[in-house]
Every structure is written in C-alpha cells, then in structure tokens.
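A.B. asks: Submitted below is the structure of interest, expressed as structure tokens.
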There are 12 protein chains.
Amino acid sequence: MSEHVYKVIEVVGSSTEGSDKAIENAIAKAAKTIHHLDWFQVVETRGHIVAGKVGHYQVVLKIGFRIDD
Amino acid sequence: MSEHVYKVIEVVGSSTEGSDKAIENAIAKAAKTIHHLDWFQVVETRGHIVAGKVGHYQVVLKIGFRIDD
Amino acid sequence: MSEHVYKVIEVVGSSTEGSDKAIENAIAKAAKTIHHLDWFQVVETRGHIVAGKVGHYQVVLKIGFRIDD
Amino acid sequence: MSEHVYKVIEVVGSSTEGSDKAIENAIAKAAKTIHHLDWFQVVETRGHIVAGKVGHYQVVLKIGFRIDD
Amino acid sequence: MSEHVYKVIEVVGSSTEGSDKAIENAIAKAAKTIHHLDWFQVVETRGHIVAGKVGHYQVVLKIGFRIDD
Amino acid sequence: MSEHVYKVIEVVGSSTEGSDKAIENAIAKAAKTIHHLDWFQVVETRGHIVAGKVGHYQVVLKIGFRIDD
Amino acid sequence: MSEHVYKVIEVVGSSTEGSDKAIENAIAKAAKTIHHLDWFQVVETRGHIVAGKVGHYQVVLKIGFRIDD
Amino acid sequence: MSEHVYKVIEVVGSSTEGSDKAIENAIAKAAKTIHHLDWFQVVETRGHIVAGKVGHYQVVLKIGFRIDD
Amino acid sequence: MSEHVYKVIEVVGSSTEGSDKAIENAIAKAAKTIHHLDWFQVVETRGHIVAGKVGHYQVVLKIGFRIDD
Amino acid sequence: MSEHVYKVIEVVGSSTEGSDKAIENAIAKAAKTIHHLDWFQVVETRGHIVAGKVGHYQVVLKIGFRIDD
Amino acid sequence: MSEHVYKVIEVVGSSTEGSDKAIENAIAKAAKTIHHLDWFQVVETRGHIVAGKVGHYQVVLKIGFRIDD
Amino acid sequence: MSEHVYKVIEVVGSSTEGSDKAIENAIAKAAKTIHHLDWFQVVETRGHIVAGKVGHYQVVLKIGFRIDD
C-alpha cells in the first residue's frame with residue numbers, strides 16, 4: 001500500500017439544504033466519472049443569500065483518489 | 001453589473017441546534033437592517049461546551065452586500 | 001475570573017451522520033476524562049469516501065478547558 | 001499623531017477594465033460617504049469569466065480611515 | 001445566551017507608550033459610540049520608527065459586540 | 001441553480017505586458033478546451049527578471065467551471 | 001543535545017495587567033506540573049472587554065519542553 | 001517563452017524509504033501520462049505510523065507543466 | 001471504524017543525520033509511552049547551525065492516535 | 001545549474017500609475033546595486049489614499065538573485 | 001513621495017523585561033548601521049523559559065527603510 | 001545572552017541529491033561570508049523536473065545569525 005500515488009482535485013458542491021449536503025452532492029458528482037475516490041477535505045464554506053436567507057450553501061472541497069496502474 | 005461596489009461585514013451567529021443554523025441566525029439578523037445581502041463566507045466555526053456537550057455553536061461569517069447608489 | 005489558565009488539546013471526532021455529529025462525538029469522548037471543558041474551535045473538516053459516498057466525516061477540533069488549582 | 005484611532009472596512013470593487021481600476025472604483029465609492037480615507041490593502045483578486053474572457057475583475061480591499069474626534 | 005448575534009469590527013489603535021496601551025486606546029475610542037463591546041483579538045502589531053526609536057505602536061484589532069434587539 | 005457542481009483547476013498565465021494580461025492569457029488558453037468557465041481567483045503574482053527589468057509576469061490562478069450533466 | 005525529543009503543549013494565560021503578564025501567568029502555571037519548560041511562542045493575543053475597557057488579556061501560547069528519558 | 005500557459009495539478013506520493021523518495025514516486029507516476037513536467041512544490045509532508053515506526057511517508061505536491069499548443 | 005475519536009499531540013524530533021531521521025526519532029520516543037500511534041504531519045522543519053554546518057535538524061510534528069475505550 | 005544558491009530580499013516599490021509600475025520601480029531600483037536579479041514574487045499590494053483617490057500604489061515584493069562565486 | 005523604494009529586513013530582538021522592550025532593542029541595534037528606519041511589523045513573539053519563568057522575550061520583526069538615491 | 005539582536009536572511013539552496021543536501025548547500029554558501037550562523041527554518045521545498053525526474057531540489061530557508069557588537 002505504501003507506494004501508491006494519489007491525485008487531488010478541487011470541486012465545489014452546492015445545496016439548498018445544508019453544508020453537509022453540499023459536500024455529499026460534490027462527491028456524488030465526482031463519483032460518476034472517477035473510481036476509487038478515497039478522501040475529502042473542506043477548503044471553504046460559503047453561499048449565496050436570497051431574500052435575506054441562505055439561498056444555497058457552497059462548499060469548496062479537495063477530493064483525493066488513487067491513480068490506477 | 002460589472003462596476004458595482006460591495007461592502008463586507010463580519011458577524012458571529014450562534015445556535016444550540018447546529019453550525020448551519022448558526023449561519024442562518026446570523027444572516028436573518030443582518031437582513032433586518034441591511035438590504036440586498038448577497039453572499040457569505042465562513043471564517044471560523046467554534047462554540048461553548050456546557051456539561052460535557054456542545055452548549056451552542058458559534059460561526060464567524062463574512063457577509064457581502066451591494067452598496068446602493 | 002481574569003487570572004485563570006486554560007489548556008488546549010487537539011482531537012479528531014468522526015461520524016457517519018454529519019460534521020456536527022463528529023464534533024459532538026469528540027467532545028463527548030473528551031468529557032469522559034476531562035472536567036470543565038469550556039470551548040471548541042474547528043481546525044479542519046475532512047472525511048473518507050466509501051463507494052462514492054461520504055463514509056464518515058472527520059472534524060479536527062481544539063478543545064479548551066480550565067486547569068484546576 | 002501617535003494616539004489616533006483608525007477604522008478598517010472591507011469592500012469589493014469591480015471593473016471591466018482591470019484590477020487597478022477595480023481598486024479605484026471601490027475607493028471612489030467609499031469616499032462618497034467617508035472622509036479622510038487613508039490607506040488600502042488588497043485582500044484578494046478575483047473575477048467572473050464571460051464567454052471565455054474576463055467579464056470583470058473584482059478586488060477585495062481593506063480601507064482604513066481615521067475616526068474623527 | 002445561545003442565539004445571540006455579534007458584529008465584529010476592525011480598528012487600529014496607536015500609542016507612544018506600548019502595544020498594550022495601543023489596544024486600550026482603540027477600545028476606549030470604540031466604546032464611545034458602541035455599547036456592549038465584548039471581546040477583542042489582535043490581528044497585527046506594527047508601528048512607526050522616528051529617529052531610530054519606536055515613534056508609536058499601532059495595533060490592528062478585531063472587536064466583537066452583541067447586536068441589540 | 002443551487003445544486004450545481006463546479007470543478008476548480010489551477011493554471012499559470014504569463015505575459016510581457018502586465019499582470020492583468022497574464023490573467024487574460026491563462027483564461028483564453030483554458031477556454032479553448034473547457035466550456036462554461038465561470039470565475040477566477042488569483043493565487044500568486046510573480047515573474048522573471050531579465051537584464052534588471054520584468055521579463056514577464058506570471059500569475060497563478062484558480063479557474064472554476066460548471067460540470068455539465 | 002542533538003537527539004532530544006520535545007513535547008509542545010498549548011495553554012491560554014490571562015491577566016488584568018497586560019499581555020506579557022498573561023504569558024507569565026500561563027508559564028508559571030505550567031511550571032507547577034512540568035519540569036524543564038524550554039521555550040514559548042505566542043499563537044494569539046485576545047481578551048474580554050468589560051464596561052468599555054480591557055477586562056483581561058488572554059494570550060494563547062505554545063510551550064515546549066524536553067521529554068526526559 | 002513569456003506567453004506560455006501552465007497547468008498545476010496536485011498529487012500525493014508515498015514511500016517507505018523517505019520523504020524525497022515519496023516526491024520522486026509521485027513525479028515518476030505523473031510523468032507516465034503527462035509530458036513536459038516542469039516544476040514541483042511541496043504542499044504537505046505526512047505519513048502513517050505502523051507499530052511505532054514510520055510505515056510510509058506521504059508528500060502532497062503541486063506539479064506544473066506547460067500546456068502544449 | 002467511523003465513530004472513533006483521535007488525539008493529536010505536537011512533538012519536536014531532532015537528529016544530526018537528516019530531517020527524515022528527526023521525524024523517526026520523534027515517533028520512536030512517542031511510541032514508548034503511547035500505543036496505537038496512527039499518523040503524523042510535519043508542521044515545521046528547522047535546525048541549529050554549528051561552525052557553518054547543520055548541527056542538527058529539528059522537525060515539529062503532529063502525531064495522531066486513537067483514544068482507546 | 002543545480003547547485004546554485006540564491007538570496008531573496010524584500011523591497012517595497014511605489015507608483016502613482018499602477019500596481020505593475022510599482023513592481024517595475026522596485027526592480028529598477030534593486031538592479032542598480034545588485035546584478036543577476038532572477039525572479040520576483042508579490043507579497044502584498046497596498047497604497048495610500050489622498051483626497052478620496054489612490055495617491056500611490058505600494059507593492060511589497062520578494063526578489064531573488066544568484067550569489068556569485 | 002510616491003515613487004520611493006523601501007527595503008525590508010528581518011531582525012530578532014530580545015529582552016528580559018518584556019515584548020515591547022525586545023522590539024525596542026532590535027530597532028536600536030538596526031538604527032546603529034541603517035539610517036531612515038521607517039516602520040516595523042511584528043512577525044512572531046516567542047522566548048526562552050528558565051527555571052519556570054520567562055528568561056527572555058524574543059520578538060521577530062520586519063523593519064522597513066527608504067533606499068537613498 | 002538575553003539582550004542579543006539577530007538578523008534573519010532568506011536564501012535558496014539547490015541540490016541534485018535531495019532536500020537535506022539543498023539545505024546544507026545553502027548554509028555552506030552563507031557561512032563563507034557571514035560568521036556565527038545560528039539557526040535555519042525551511043520556508044518552502046520545491047524543484048525542477050527534467051525528463052520526468054527531479055532535476056534538482058530547491059529549498060527556501062531563513063537563516064538567523066547574531067549581529068556582532
């Protein structure tokens with residue numbers, strides 16, 4: 001396991017429901033085209049405000065995955 | 001739209017329910033006196049502990065809004 | 001109150017449910033052996049991905065507590 | 001001069017022309033309502049992309065000014 | 001106490017005497033127009049040099065206060 | 001709009017003319033292969049010096065774009 | 001001397017007198033239970049405001065000490 | 001040379017031998033699919049511990065390369 | 001595995017041989033008193049210079065380990 | 001080329017014309033006394049405001065140059 | 001005044017009396033060989049501990065001064 | 001010892017052999033012209049890639065030394 005190489009990409013997920021859901025949406029989307037997603041890290045949490053309320057949450061993530069041989 | 005100027009303020013919301021709710025409380029309060037709130041960014045998430053449990057969440061936010069002409 | 005001294009420890013809580021629950025798990029665990037936990041601060045939010053979904057959230061926290069005389 | 005107190009505000013200027021112009025727009029706007037603006041610091045430079053080109057630059061600034069007695 | 005909202009402002013205090021005095025000057029000035037100042041955080045300590053000596057200290061602070069209902 | 005997912009890439013543009021032109025060059029290049037570029041953020045501004053003058057500016061950017069379904 | 005191992009702990013000292021005194025209080029407290037304290041680093045300086053004045057200074061410190069064999 | 005555009009990717013190399021070897025493994029892997037790799041920057045050095053010893057080093061890198069016309 | 005809680009400590013290892021050896025010395029020392037050390041992260045690399053050469057390397061590490069039930 | 005050693009100095013250039021010109025002024029000045037200037041990095045962009053307009057831009061730079069044998 | 005160039009150096013002052021005195025010692029020393037010192041910025045405050053008390057404070061400073069023509 | 005003043009310079013060492021060797025090269029070079037070098041700190045580790053392999057490591061260092069009276 002010790003000689004693996006991983007790639008890290010940055011994505012932004014959004015959700016009207018909450019910050020955890022924005023994370024989950026980003027990962028679900030990435031998982032459609034990349035196999036073996038392994039971990040994530042939150043880089044920033046932000047969002048838009050509409051009519052004085054949170055319109056949607058936006059979470060900037062790094063996602064790491066193993067590069068297959 | 002390209003020549004607008006925005007102001008950014010820093011607020012701290014708190015909630016006994018969770019970190020997203022603390023964000024929403026801060027925005028609701030700011031919206032009472034400022035129109036056209038546009039976006040927010042989380043600066044820090046922290047809170048107080050009472051009797052070995054989260055007493056309340058505190059989220060430090062930046063909130064941006066357009067300066068009206 | 002003004003001459004108290006506090007210690008700050010770093011812990012990582014995890015949860016399959018969400019990031020707030022990971023915070024609460026870490027605090028509950030720390031509260032078993034340390035009295036008078038006073039505040040927490042989130043240092044980083046991350047997690048593992050299993051089968052294209054969040055396997056569990058991991059939240060790195062600082063927890064502060066008063067040193068008893 | 002040594003005992004003055006200053007306030008620092010955060011604003012975002014935008015411009016279709018360039019990043020320096022975005023700074024100047026933000027300062028011109030702030031100067032309409034605040035006297036004695038004294039210095040600025042760039043916090044972040046960003047912008048929107050429209051049709052594969054910079055639509056407008058956005059520069060986040062801190063602006064400092066002396067609080068009058 | 002758990003649902004309060006706070007505002008955070010940034011000010012710069014200066015003093016010929018020392019860095020703590022610069023903090024105190026900034027807070028004294030802010031307290032003239034804002035009630036219920038609650039906490040401060042030092043952002044940066046700097047100053048001017050005159051004739052090879054500290055002319056005055058300048059301390060950049062964040063000051064937090066509760067927004068009254 | 002609220003459930004979109006975005007990807008963020010990092011590129012470095014260069015220009016002999018200035019830092020804004022380096023940004024524009026990077027975006028023009030990225031736009032040749034990626035549709036729907038949406039925003040950019042400057043990460044770092046640097047450059048090479050040739051014969052005691054700026055040889056060319058280099059600006060490190062993050063560029064965000066929506067992932068199409 | 002070159003193969004020693006040190007441990008670093010984080011503490012918060014407080015004082016009504018000033019920021020240096022808050023540092024000294026934290027170190028005095030730590031020295032009651034740990035031998036061979038070796039160095040400190042200031043992580044953050046903050047405090048509470050009471051009636052428009054500094055109520056007490058709080059300084060967050062890292063303190064390093066050698067682990068005895 | 002002055003108008004080139006570069007792309008920067010983030011990868012994680014690992015090695016049981018040491019941190020330099022983890023860098024070299026990451027670069028060797030990236031070089032299999034990308035031509036003209038140009039520079040790297042270490043973002044973070046970390047690793048796993050197995051039975052009280054370093055199991056393997058993990059180095060997070062940014063790698064830059066020129067985008068071919 | 002998903003509900004575990006970890007503690008993170010900060011240590012400084014030193015070595016006359018190199019920076020990787022300083023990491024290994026710190027971990028070996030920590031492993032004498034703590035079971036189940038799990039991961040490390042380098043916080044800072046520094047050292048002393050003696051007679052114009054590296055006297056010894058010092059590496060500041062965070063080390064994480066699971067808290068046993 | 002691989003065993004060269006470089007020195008990095010920090011300078012602040014200023015200009016009434018713009019931020020790029022402030023960079024160029026700083027480099028032109030440094031080039032008067034130092035040969036073989038090689039690269040620069042922007043550390044901070046700031047400036048003074050005079051009569052509600054940018055009085056002059058100030059750019060803090062690091063400049064690197066090879067140490068001759 | 002707007003086209004001046006400044007140099008910034010980094011120094012560490014120390015004092016047994018306090019952190020402000022460490023700043024003043026560093027500036028006094030620098031003023032012996034450099035004219036026209038203009039401003040300083042604190043980079044880090046640290047110190048050594050001797051017999052459970054602050055042995056001396058060490059303050060890392062940046063000091064800026066105008067480069068004479 | 002407590003009232004000494006130190007200067008800190010920034011240098012970049014390079015080596016084809018490894019990152020520790022790049023540190024050692026930078027210190028050896030600095031020691032040719034400066035006496036009493038006292039400590040170093042790694043600011044950044046980077047390097048060039050040649051033909052898909054590390055061409056040479058470059059380590060940016062701060063080096064501190066006592067200013068003689």
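Ligands are numbered from 1 in the order shown, residues from 1 within each chain, and chains are lettered A, B, ... in the order they appear in the structure tokens.
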So which residues of chain H fall under alpha helix (DSSP H) by DSSP, listed as a list in words?
C.D. replies: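 DSSP on the backbone gives alpha helix (DSSP H) at Ser19, Asp20, Lys21, Ala22, Ile23, Glu24, Asn25, Ala26, Ile27, Ala28, Lys29, Ala30, Ala31, Lys32 and Thr33 of chain H.
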A.B. asks: With all heavy atoms retained, could you export that selection as a short mmCIF file (atom, residue, chain, number, x, y, z; two decimals), in the first residue's frame?
C.D. replies:
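The new file selection_5.cif reads:
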```cif
data_model
loop_
_atom_site.label_atom_id
_atom_site.label_comp_id
_atom_site.auth_asym_id
_atom_site.auth_seq_id
_atom_site.Cartn_x
_atom_site.Cartn_y
_atom_site.Cartn_z
N SER H 19 11.04 10.92 2.60
CA SER H 19 10.18 11.94 2.01
C SER H 19 10.64 12.32 0.61
O SER H 19 9.81 12.58 -0.26
CB SER H 19 10.08 13.15 2.93
OG SER H 19 11.35 13.64 3.27
N ASP H 20 11.93 12.35 0.34
CA ASP H 20 12.39 12.65 -1.03
C ASP H 20 11.93 11.57 -2.00
O ASP H 20 11.51 11.86 -3.13
CB ASP H 20 13.92 12.76 -1.09
CG ASP H 20 14.45 14.06 -0.50
OD1 ASP H 20 13.64 14.93 -0.10
OD2 ASP H 20 15.69 14.22 -0.43
N LYS H 21 11.98 10.32 -1.57
CA LYS H 21 11.56 9.20 -2.43
C LYS H 21 10.05 9.29 -2.72
O LYS H 21 9.61 8.94 -3.83
CB LYS H 21 11.89 7.88 -1.75
CG LYS H 21 11.79 6.65 -2.64
CD LYS H 21 12.88 6.61 -3.70
CE LYS H 21 12.88 5.30 -4.49
NZ LYS H 21 11.78 5.15 -5.42
N ALA H 22 9.27 9.77 -1.76
CA ALA H 22 7.82 9.94 -2.00
C ALA H 22 7.58 10.99 -3.08
O ALA H 22 6.69 10.84 -3.93
CB ALA H 22 7.12 10.32 -0.69
N ILE H 23 8.40 12.06 -3.06
CA ILE H 23 8.31 13.08 -4.11
C ILE H 23 8.64 12.45 -5.46
O ILE H 23 7.93 12.64 -6.46
CB ILE H 23 9.30 14.24 -3.81
CG1 ILE H 23 8.86 15.01 -2.56
CG2 ILE H 23 9.46 15.17 -5.00
CD1 ILE H 23 9.90 16.00 -2.04
N GLU H 24 9.72 11.69 -5.48
CA GLU H 24 10.16 11.10 -6.75
C GLU H 24 9.15 10.10 -7.29
O GLU H 24 8.92 10.04 -8.50
CB GLU H 24 11.55 10.46 -6.56
CG GLU H 24 12.62 11.55 -6.38
CD GLU H 24 13.90 11.08 -5.72
OE1 GLU H 24 14.11 9.86 -5.60
OE2 GLU H 24 14.70 11.96 -5.29
N ASN H 25 8.51 9.34 -6.40
CA ASN H 25 7.47 8.40 -6.85
C ASN H 25 6.29 9.13 -7.49
O ASN H 25 5.74 8.68 -8.50
CB ASN H 25 6.98 7.55 -5.68
CG ASN H 25 7.97 6.48 -5.28
OD1 ASN H 25 8.92 6.20 -6.01
ND2 ASN H 25 7.78 5.89 -4.10
N ALA H 26 5.89 10.23 -6.86
CA ALA H 26 4.75 10.98 -7.40
C ALA H 26 5.08 11.54 -8.78
O ALA H 26 4.25 11.49 -9.70
CB ALA H 26 4.38 12.12 -6.45
N ILE H 27 6.29 12.04 -8.94
CA ILE H 27 6.68 12.63 -10.23
C ILE H 27 6.81 11.55 -11.30
O ILE H 27 6.37 11.73 -12.45
CB ILE H 27 7.98 13.45 -10.06
CG1 ILE H 27 7.67 14.70 -9.22
CG2 ILE H 27 8.58 13.84 -11.41
CD1 ILE H 27 8.89 15.46 -8.76
N ALA H 28 7.39 10.41 -10.93
CA ALA H 28 7.54 9.32 -11.90
C ALA H 28 6.17 8.87 -12.42
O ALA H 28 5.98 8.62 -13.61
CB ALA H 28 8.27 8.14 -11.25
N LYS H 29 5.21 8.79 -11.51
CA LYS H 29 3.85 8.38 -11.90
C LYS H 29 3.20 9.41 -12.82
O LYS H 29 2.60 9.07 -13.85
CB LYS H 29 2.99 8.22 -10.63
CG LYS H 29 1.61 7.67 -10.88
CD LYS H 29 1.69 6.18 -11.14
CE LYS H 29 0.40 5.47 -10.81
NZ LYS H 29 0.60 4.03 -10.72
N ALA H 30 3.31 10.67 -12.46
CA ALA H 30 2.70 11.72 -13.27
C ALA H 30 3.34 11.77 -14.66
O ALA H 30 2.67 12.03 -15.66
CB ALA H 30 2.83 13.08 -12.57
N ALA H 31 4.65 11.48 -14.71
CA ALA H 31 5.38 11.58 -15.98
C ALA H 31 4.94 10.50 -16.98
O ALA H 31 5.21 10.62 -18.18
CB ALA H 31 6.88 11.49 -15.73
N LYS H 32 4.27 9.46 -16.47
CA LYS H 32 3.81 8.41 -17.39
C LYS H 32 2.72 8.89 -18.34
O LYS H 32 2.58 8.39 -19.45
CB LYS H 32 3.28 7.21 -16.59
CG LYS H 32 4.38 6.35 -15.99
CD LYS H 32 3.80 5.11 -15.34
CE LYS H 32 4.90 4.30 -14.67
NZ LYS H 32 4.34 3.31 -13.74
N THR H 33 1.93 9.85 -17.87
CA THR H 33 0.81 10.30 -18.72
C THR H 33 0.90 11.77 -19.15
O THR H 33 0.17 12.18 -20.04
CB THR H 33 -0.54 10.08 -18.00
OG1 THR H 33 -0.47 10.70 -16.71
CG2 THR H 33 -0.86 8.60 -17.84
#
```
A.B. asks: Show me, as JSON lines, the residues of chain D having an atom within 6 Å of chain F, each with the closest atom pair and its distance in Å, using only C-alpha atoms.
C.D. replies:
```
{"residue": "D:Thr45", "atom": "CA", "partner": "F:Val42", "partner_atom": "CA", "distance": 5.5}
{"residue": "D:Arg46", "atom": "CA", "partner": "F:Gln41", "partner_atom": "CA", "distance": 4.1}
{"residue": "D:Gly47", "atom": "CA", "partner": "F:Phe40", "partner_atom": "CA", "distance": 5.5}
{"residue": "D:His48", "atom": "CA", "partner": "F:Trp39", "partner_atom": "CA", "distance": 4.3}
{"residue": "D:Ile49", "atom": "CA", "partner": "F:Asp38", "partner_atom": "CA", "distance": 5.0}
{"residue": "D:Gly52", "atom": "CA", "partner": "F:Ala31", "partner_atom": "CA", "distance": 5.1}
```
A.B. asks: Taking N, CA and C atoms for each residue, export the selection above as a compact mmCIF listing (two decimals), in the first residue's frame.
C.D. replies:
```txt
# COMPACT_ATOMS: atom_id res chain seq x y z
N THR D 45 -7.81 39.09 -5.24
CA THR D 45 -8.18 39.50 -6.59
C THR D 45 -8.87 38.32 -7.27
N ARG D 46 -10.05 38.56 -7.78
CA ARG D 46 -10.81 37.51 -8.45
C ARG D 46 -11.67 38.12 -9.55
N GLY D 47 -12.56 37.37 -10.15
CA GLY D 47 -13.41 37.96 -11.17
C GLY D 47 -14.31 36.92 -11.81
N HIS D 48 -15.21 37.40 -12.66
CA HIS D 48 -16.09 36.50 -13.40
C HIS D 48 -15.58 36.36 -14.83
N ILE D 49 -15.85 35.21 -15.42
CA ILE D 49 -15.46 34.92 -16.79
C ILE D 49 -16.73 34.81 -17.62
N GLY D 52 -15.51 33.01 -22.14
CA GLY D 52 -14.09 32.68 -22.26
C GLY D 52 -13.14 33.86 -22.08
```
A.B. asks: If you measure from CA of Thr16 (chain L) to CA of His56 (chain F), what distance in Å do you get, rounded to one decimal?
C.D. replies: 27.2 Å
A.B. asks: Val11 (chain B): which residues within 6 Å, counting only C-alpha atoms, same-chain residues fewer than 5 positions away excluded, as an MDAnalysis selection string?
C.D. replies: (chainID B and resid 60:61) or (chainID E and resid 6:8)
A.B. asks: Generate a file of the selected residues that holds N, CA and C atoms, formatted as a short mmCIF file (atom, residue, chain, number, x, y, z; two decimals), in the first residue's frame.
C.D. replies:
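Result file follows (again.cif):
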```
data_model
loop_
_atom_site.label_atom_id
_atom_site.label_comp_id
_atom_site.auth_asym_id
_atom_site.auth_seq_id
_atom_site.Cartn_x
_atom_site.Cartn_y
_atom_site.Cartn_z
N VAL B 60 -18.37 32.33 12.78
CA VAL B 60 -17.95 33.66 12.34
C VAL B 60 -18.07 33.72 10.83
N LEU B 61 -18.79 34.69 10.34
CA LEU B 61 -19.10 34.83 8.91
C LEU B 61 -18.67 36.17 8.36
N TYR E 6 -23.48 38.60 16.97
CA TYR E 6 -22.45 39.59 17.27
C TYR E 6 -21.94 40.21 15.98
N LYS E 7 -21.47 41.44 16.06
CA LYS E 7 -20.80 42.06 14.93
C LYS E 7 -19.32 42.23 15.30
N VAL E 8 -18.48 42.11 14.33
CA VAL E 8 -17.04 42.25 14.56
C VAL E 8 -16.53 43.39 13.68
#
```
A.B. asks: Can you measure CA of Val12 (chain H) to CA of Val50 (chain L) for me? One decimal in Å is fine.
C.D. replies: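 So the two atoms, CA of Val12 (chain H) and CA of Val50 (chain L), lie 19.1 Å apart.
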A.B. asks: So which bits of chain I end up strand (DSSP E or B) when you DSSP the backbone, as a ChimeraX atom specification?
C.D. replies: /I:5-15,37-50,53-66
A.B. asks: Expressed in Å to a single decimal, how great is the separation between CA of Gly18 (chain H) and CA of Glu3 (chain A)?
C.D. replies: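 Value for the CA of Gly18 (chain H)-CA of Glu3 (chain A) distance: 11.1 Å.
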